[in-house]
Amino acid sequence: MTRRLADVAKKVGVSEATVSRVLNGKPGVSEATRAAVLTALDVLGYERPTQLRGERARLVGLVLPELQNPIFPAFAEVMGGALAQQGLTPVLCTQTAGGVSEADYVELLLQHHVSGVVFAGGLYAQADARHDHYRLLADRNLPVVLINATIGGLGFPQVCCDDAVAVQQAWRHLVSLGHERIGLVLGPHDHVPSSRKLAAAWEAAGRSGPELRDEYVEHTMFSQAGGQAAVGRLLDRGVTGVICASDVLALGVIRGVRRRGLDVPGDVSVVGYDDSAFMNCADPPLATVRQPIEAMGRAAVQLLTSQIAGKVVTGDELLFEPELVVRGSTAPAR
């Protein structure tokens, strides 16, 4: 007990007597100091006294599917800073192959009495995945915000980049360069944002420009290896322009084109999606559709803190418009 008091007091910058008053529910402590002590208790891994366990901590879970794709650390950085400005402490939960599952993270966050959770990619983006742990959060009325996908019937607010606009921008760009056989490299079949992008591509092709064929669409895992394998099949079908569902896939596509002895953009033009870190330093610099990460991340935090404050937040989808960034990976078709 003495060590716990000392550790928490050092973390918060108050006396051990102040920490003791908070833990014993005694008056004479400001609400801000009380909240800081409880947060420090959670962060340091100490169990709360029984009478305080029902209260939510000033902790917010940030659940990400991975950190290898630079877009997810970028979201975490924006949201972490915005949460800190609101006096909330982010708890980063990242899934790894064979490691802790998303459902396990949700259970862990509930045990720590978090104030809310933001999901930036995860099983909710897969239509065929199990969504039981999301329903558990909804049943407990815990504030939740989803980024770039949704789960029907749970009422969670969503912050999304407009997939339809993203594909339309990339499609029009390649058409303007004279490409007549445009292919798509997307995520798995049940990946909701990829499904939206595919629907937008069919619509764009139906309005004007070249025809989109089933054989010009490839679904794969979100990895460079997946992009490389997918583009090999598209090249066999004569595709000269490729729109990808992520920058990571686009880098794999470029590698696959070069393995065939072809040139980007001389033989094949490639457009990514995200504009994640260092894409302007790729070889060639990657043309991509930029997600407005700063605005989306701050909006997600605003929606979450509004829920935490007890305000009514609708489950509508908040759409943000992307921006095409033209760089050296696209050129006129030969």
# chains A, B, ... in the order shown; residues from 1 in each chain; ligands from 1
$ residues_around --residues "Val231 in chain A" --least-positions-apart "3" --cutoff "8 Å" --atoms "only C-alpha atoms" --output "list of chain:residue names"
A:Val185, A:Gly227, A:Gln228, A:Leu234, A:Leu235, A:Val253, A:Gly256, A:Val257
$ write_last_selection --atoms "N, CA, C and O atoms" --output "mmCIF file, in the first residue's frame"
data_model
loop_
_atom_site.group_PDB
_atom_site.id
_atom_site.type_symbol
_atom_site.label_atom_id
_atom_site.label_comp_id
_atom_site.auth_asym_id
_atom_site.auth_seq_id
_atom_site.Cartn_x
_atom_site.Cartn_y
_atom_site.Cartn_z
ATOM 1 N N VAL A 185 -6.972 -3.075 -57.259
ATOM 2 C CA VAL A 185 -6.443 -4.008 -56.269
ATOM 3 C C VAL A 185 -7.031 -3.593 -54.926
ATOM 4 O O VAL A 185 -6.681 -2.552 -54.372
ATOM 5 N N GLY A 227 -0.310 -7.088 -52.912
ATOM 6 C CA GLY A 227 -0.346 -6.214 -54.079
ATOM 7 C C GLY A 227 0.494 -6.751 -55.224
ATOM 8 O O GLY A 227 0.085 -6.683 -56.397
ATOM 9 N N GLN A 228 1.652 -7.306 -54.892
ATOM 10 C CA GLN A 228 2.531 -7.845 -55.927
ATOM 11 C C GLN A 228 1.883 -9.023 -56.642
ATOM 12 O O GLN A 228 1.923 -9.124 -57.875
ATOM 13 N N LEU A 234 -3.346 -9.033 -63.113
ATOM 14 C CA LEU A 234 -3.889 -7.927 -63.898
ATOM 15 C C LEU A 234 -3.044 -7.651 -65.135
ATOM 16 O O LEU A 234 -3.578 -7.335 -66.210
ATOM 17 N N LEU A 235 -1.728 -7.782 -65.013
ATOM 18 C CA LEU A 235 -0.850 -7.559 -66.167
ATOM 19 C C LEU A 235 -1.108 -8.588 -67.253
ATOM 20 O O LEU A 235 -1.048 -8.268 -68.455
ATOM 21 N N VAL A 253 2.257 -3.382 -55.751
ATOM 22 C CA VAL A 253 1.949 -3.380 -57.186
ATOM 23 C C VAL A 253 3.153 -2.890 -57.984
ATOM 24 O O VAL A 253 3.523 -3.487 -59.011
ATOM 25 N N GLY A 256 5.654 -5.567 -58.160
ATOM 26 C CA GLY A 256 5.233 -6.623 -59.070
ATOM 27 C C GLY A 256 5.410 -6.242 -60.525
ATOM 28 O O GLY A 256 5.780 -7.067 -61.366
ATOM 29 N N VAL A 257 5.132 -4.978 -60.853
ATOM 30 C CA VAL A 257 5.320 -4.509 -62.231
ATOM 31 C C VAL A 257 6.787 -4.603 -62.616
ATOM 32 O O VAL A 257 7.139 -5.064 -63.715
#
$ residues_around --residues "Leu108 in chain A" --least-positions-apart "2" --cutoff "12 Å" --atoms "only C-alpha atoms" --output "number ranges by chain"
A: 42, 45, 60-61, 63, 91-93, 100-106, 110-114, 117, 133
$ atom_distance --atom1 "CA of Glu203 in chain A" --atom2 "CA of Met221 in chain A"
24.1 Å
$ closest_residue --among "A:Gly13, A:Gly155, A:Gly28, A:Gly178" --to "Arg334 in chain A" --atoms "only C-alpha atoms"
A:Gly178
$ atom_distance --atom1 "CA of Gln169 in chain A" --atom2 "CA of Leu319 in chain A"
15.8 Å
$ residues_around --residues "range 30-33 of chain A" --least-positions-apart "6" --cutoff "12 Å" --atoms "only C-alpha atoms" --output "JSON list (two decimals) with C-alpha atoms, in the first residue's frame"
[["chain", "number", "residue", "atom", "x", "y", "z"],
["A", 8, "VAL", "CA", 0.91, 7.31, -7.73],
["A", 9, "ALA", "CA", 1.97, 10.47, -5.89],
["A", 11, "LYS", "CA", 3.22, 10.05, -11.21],
["A", 12, "VAL", "CA", 0.71, 12.83, -10.50],
["A", 13, "GLY", "CA", 3.06, 15.23, -8.70],
["A", 14, "VAL", "CA", 1.08, 15.43, -5.44],
["A", 15, "SER", "CA", 1.66, 14.28, -1.88],
["A", 18, "THR", "CA", -3.52, 13.61, -1.23],
["A", 19, "VAL", "CA", -3.46, 10.24, -2.92],
["A", 21, "ARG", "CA", -7.60, 11.06, 0.56],
["A", 22, "VAL", "CA", -8.66, 10.20, -3.01],
["A", 23, "LEU", "CA", -8.42, 6.45, -2.46],
["A", 39, "THR", "CA", -5.95, 7.75, -14.07],
["A", 40, "ALA", "CA", -2.45, 7.24, -12.67],
["A", 58, "ARG", "CA", -9.89, 9.03, -17.76],
["A", 86, "GLN", "CA", -9.13, 16.98, -23.21],
["A", 87, "GLY", "CA", -7.41, 15.53, -20.15],
["A", 88, "LEU", "CA", -7.79, 11.95, -21.38]]
$ select_by_dssp --residues "range 8-254 of chain A" --states "helix (DSSP H, G or I)" --output "ChimeraX atom specification"
/A:8-12,16-23,31-43,50-52,71-85,102-111,123-125,132-139,163-176,192-207,214-216,224-236,247-254
$ residues_around --residues "Gln126 in chain A" --least-positions-apart "6" --cutoff "10 Å" --atoms "only C-alpha atoms" --output "PyMOL selection string"
chain A and resi 149-151+187-194
$ atom_distance --atom1 "CA of Ala82 in chain A" --atom2 "CA of Leu62 in chain A"
12.2 Å
$ closest_residue --among "A:Ala309, A:Leu303, A:Ala120, A:Leu59" --to "Pro73 in chain A" --atoms "only C-alpha atoms"
A:Ala120
$ select_by_dssp --residues "range 11-78 of chain A" --states "strand (DSSP E or B)" --output "list in words"
Leu59, Val60, Gly61, Leu62, Val63 and Leu64 of chain A
$ write_last_selection --atoms "C-alpha atoms" --output "PDB file, in the first residue's frame"
ATOM      1  CA  LEU A  59      -8.559   6.447 -20.178  1.00  0.00           C
ATOM      2  CA  VAL A  60      -9.574   5.963 -23.823  1.00  0.00           C
ATOM      3  CA  GLY A  61      -8.774   2.863 -25.841  1.00  0.00           C
ATOM      4  CA  LEU A  62      -7.327   3.357 -29.333  1.00  0.00           C
ATOM      5  CA  VAL A  63      -7.695   0.002 -31.086  1.00  0.00           C
ATOM      6  CA  LEU A  64      -5.654  -0.382 -34.296  1.00  0.00           C
TER       7      LEU A  64
END
$ residues_around --residues "Gly272 in chain A" --least-positions-apart "2" --cutoff "7 Å" --atoms "only C-alpha atoms" --output "ChimeraX atom specification"
/A:243-247,250,270,274,286-289
$ closest_residue --among "A:Gly226, A:Ala164, A:Val268, A:Arg298" --to "Arg196 in chain A" --atoms "only C-alpha atoms"
A:Ala164
$ decode --residues "range 257-293 of chain A" --atoms "N, CA, C and O atoms" --output "compact mmCIF listing (two decimals), in the first residue's frame"
# COMPACT_ATOMS: atom_id res chain seq x y z
N VAL A 257 5.13 -4.98 -60.85
CA VAL A 257 5.32 -4.51 -62.23
C VAL A 257 6.79 -4.60 -62.62
O VAL A 257 7.14 -5.06 -63.72
N ARG A 258 7.66 -4.19 -61.71
CA ARG A 258 9.09 -4.22 -62.02
C ARG A 258 9.62 -5.64 -62.13
O ARG A 258 10.53 -5.90 -62.92
N ARG A 259 9.05 -6.56 -61.36
CA ARG A 259 9.47 -7.96 -61.47
C ARG A 259 9.16 -8.52 -62.85
O ARG A 259 9.78 -9.49 -63.29
N ARG A 260 8.19 -7.94 -63.53
CA ARG A 260 7.85 -8.35 -64.90
C ARG A 260 8.74 -7.66 -65.94
O ARG A 260 8.54 -7.83 -67.13
N GLY A 261 9.69 -6.84 -65.48
CA GLY A 261 10.54 -6.12 -66.41
C GLY A 261 9.89 -4.89 -67.01
O GLY A 261 10.36 -4.37 -68.02
N LEU A 262 8.81 -4.43 -66.40
CA LEU A 262 8.08 -3.25 -66.89
C LEU A 262 8.39 -2.04 -66.02
O LEU A 262 8.95 -2.16 -64.93
N ASP A 263 7.96 -0.88 -66.51
CA ASP A 263 8.29 0.37 -65.84
C ASP A 263 7.04 1.05 -65.29
O ASP A 263 5.98 1.00 -65.89
N VAL A 264 7.20 1.67 -64.12
CA VAL A 264 6.18 2.55 -63.54
C VAL A 264 6.76 3.96 -63.52
O VAL A 264 7.82 4.19 -62.94
N PRO A 265 6.16 4.91 -64.25
CA PRO A 265 4.84 4.85 -64.88
C PRO A 265 4.88 4.61 -66.39
O PRO A 265 3.83 4.71 -67.04
N GLY A 266 6.05 4.32 -66.97
CA GLY A 266 6.16 4.20 -68.42
C GLY A 266 5.21 3.18 -69.02
O GLY A 266 4.55 3.43 -70.03
N ASP A 267 5.11 2.00 -68.38
CA ASP A 267 4.23 0.94 -68.88
C ASP A 267 2.93 0.84 -68.11
O ASP A 267 1.87 0.53 -68.68
N VAL A 268 3.00 1.07 -66.81
CA VAL A 268 1.82 0.92 -65.94
C VAL A 268 1.77 2.10 -64.97
O VAL A 268 2.78 2.42 -64.33
N SER A 269 0.61 2.73 -64.88
CA SER A 269 0.40 3.81 -63.91
C SER A 269 -0.26 3.23 -62.66
O SER A 269 -1.12 2.35 -62.75
N VAL A 270 0.15 3.74 -61.49
CA VAL A 270 -0.35 3.21 -60.21
C VAL A 270 -0.80 4.37 -59.32
O VAL A 270 -0.08 5.36 -59.16
N VAL A 271 -2.00 4.21 -58.73
CA VAL A 271 -2.53 5.20 -57.79
C VAL A 271 -2.82 4.48 -56.47
O VAL A 271 -3.50 3.45 -56.45
N GLY A 272 -2.31 5.03 -55.37
CA GLY A 272 -2.55 4.46 -54.05
C GLY A 272 -3.72 5.12 -53.35
O GLY A 272 -4.52 5.84 -53.95
N TYR A 273 -3.81 4.86 -52.04
CA TYR A 273 -4.87 5.45 -51.23
C TYR A 273 -4.37 5.57 -49.79
O TYR A 273 -3.89 4.58 -49.22
N ASP A 274 -4.45 6.76 -49.24
CA ASP A 274 -4.09 7.13 -47.86
C ASP A 274 -3.18 8.35 -47.85
O ASP A 274 -3.36 9.25 -47.06
N ASP A 275 -2.14 8.36 -48.72
CA ASP A 275 -1.04 9.31 -48.65
C ASP A 275 -0.38 9.22 -47.29
O ASP A 275 -0.22 10.21 -46.58
N SER A 276 0.00 8.00 -46.92
CA SER A 276 0.69 7.79 -45.65
C SER A 276 2.13 8.28 -45.75
O SER A 276 2.60 8.69 -46.81
N ALA A 277 2.83 8.22 -44.63
CA ALA A 277 4.15 8.83 -44.51
C ALA A 277 5.12 8.29 -45.56
O ALA A 277 5.14 7.10 -45.86
N PHE A 278 5.91 9.20 -46.11
CA PHE A 278 7.04 8.91 -47.01
C PHE A 278 6.62 8.45 -48.41
O PHE A 278 7.48 8.00 -49.17
N MET A 279 5.34 8.54 -48.76
CA MET A 279 4.96 8.15 -50.12
C MET A 279 5.55 9.09 -51.17
O MET A 279 5.72 8.71 -52.32
N ASN A 280 5.87 10.31 -50.76
CA ASN A 280 6.54 11.23 -51.68
C ASN A 280 8.01 10.87 -51.87
O ASN A 280 8.68 11.38 -52.76
N CYS A 281 8.51 9.95 -51.02
CA CYS A 281 9.91 9.51 -51.12
C CYS A 281 10.04 8.16 -51.81
O CYS A 281 11.15 7.63 -51.94
N ALA A 282 8.92 7.56 -52.20
CA ALA A 282 8.97 6.26 -52.89
C ALA A 282 9.60 6.44 -54.26
O ALA A 282 9.79 7.55 -54.75
N ASP A 283 9.92 5.33 -54.91
CA ASP A 283 10.53 5.37 -56.24
C ASP A 283 9.65 4.61 -57.23
O ASP A 283 9.64 3.38 -57.21
N PRO A 284 8.89 5.31 -58.07
CA PRO A 284 8.74 6.76 -58.13
C PRO A 284 7.83 7.27 -57.01
O PRO A 284 7.13 6.47 -56.38
N PRO A 285 7.85 8.59 -56.74
CA PRO A 285 6.91 9.13 -55.74
C PRO A 285 5.48 8.72 -56.09
O PRO A 285 5.05 8.82 -57.24
N LEU A 286 4.75 8.24 -55.09
CA LEU A 286 3.47 7.61 -55.35
C LEU A 286 2.34 8.62 -55.50
O LEU A 286 2.08 9.43 -54.61
N ALA A 287 1.64 8.54 -56.63
CA ALA A 287 0.37 9.26 -56.79
C ALA A 287 -0.66 8.54 -55.93
O ALA A 287 -0.76 7.31 -55.97
N THR A 288 -1.42 9.28 -55.14
CA THR A 288 -2.32 8.62 -54.20
C THR A 288 -3.48 9.55 -53.86
O THR A 288 -3.45 10.74 -54.18
N VAL A 289 -4.49 9.00 -53.21
CA VAL A 289 -5.63 9.79 -52.76
C VAL A 289 -5.48 9.97 -51.25
O VAL A 289 -5.45 9.00 -50.51
N ARG A 290 -5.37 11.20 -50.83
CA ARG A 290 -5.04 11.51 -49.44
C ARG A 290 -6.27 11.51 -48.54
O ARG A 290 -7.26 12.19 -48.82
N GLN A 291 -6.21 10.75 -47.45
CA GLN A 291 -7.21 10.86 -46.40
C GLN A 291 -6.88 12.08 -45.53
O GLN A 291 -5.72 12.27 -45.16
N PRO A 292 -7.88 12.89 -45.16
CA PRO A 292 -7.62 14.03 -44.27
C PRO A 292 -7.50 13.55 -42.81
O PRO A 292 -8.42 13.70 -42.00
N ILE A 293 -6.37 12.97 -42.49
CA ILE A 293 -6.18 12.30 -41.21
C ILE A 293 -6.37 13.25 -40.03
O ILE A 293 -7.01 12.90 -39.03
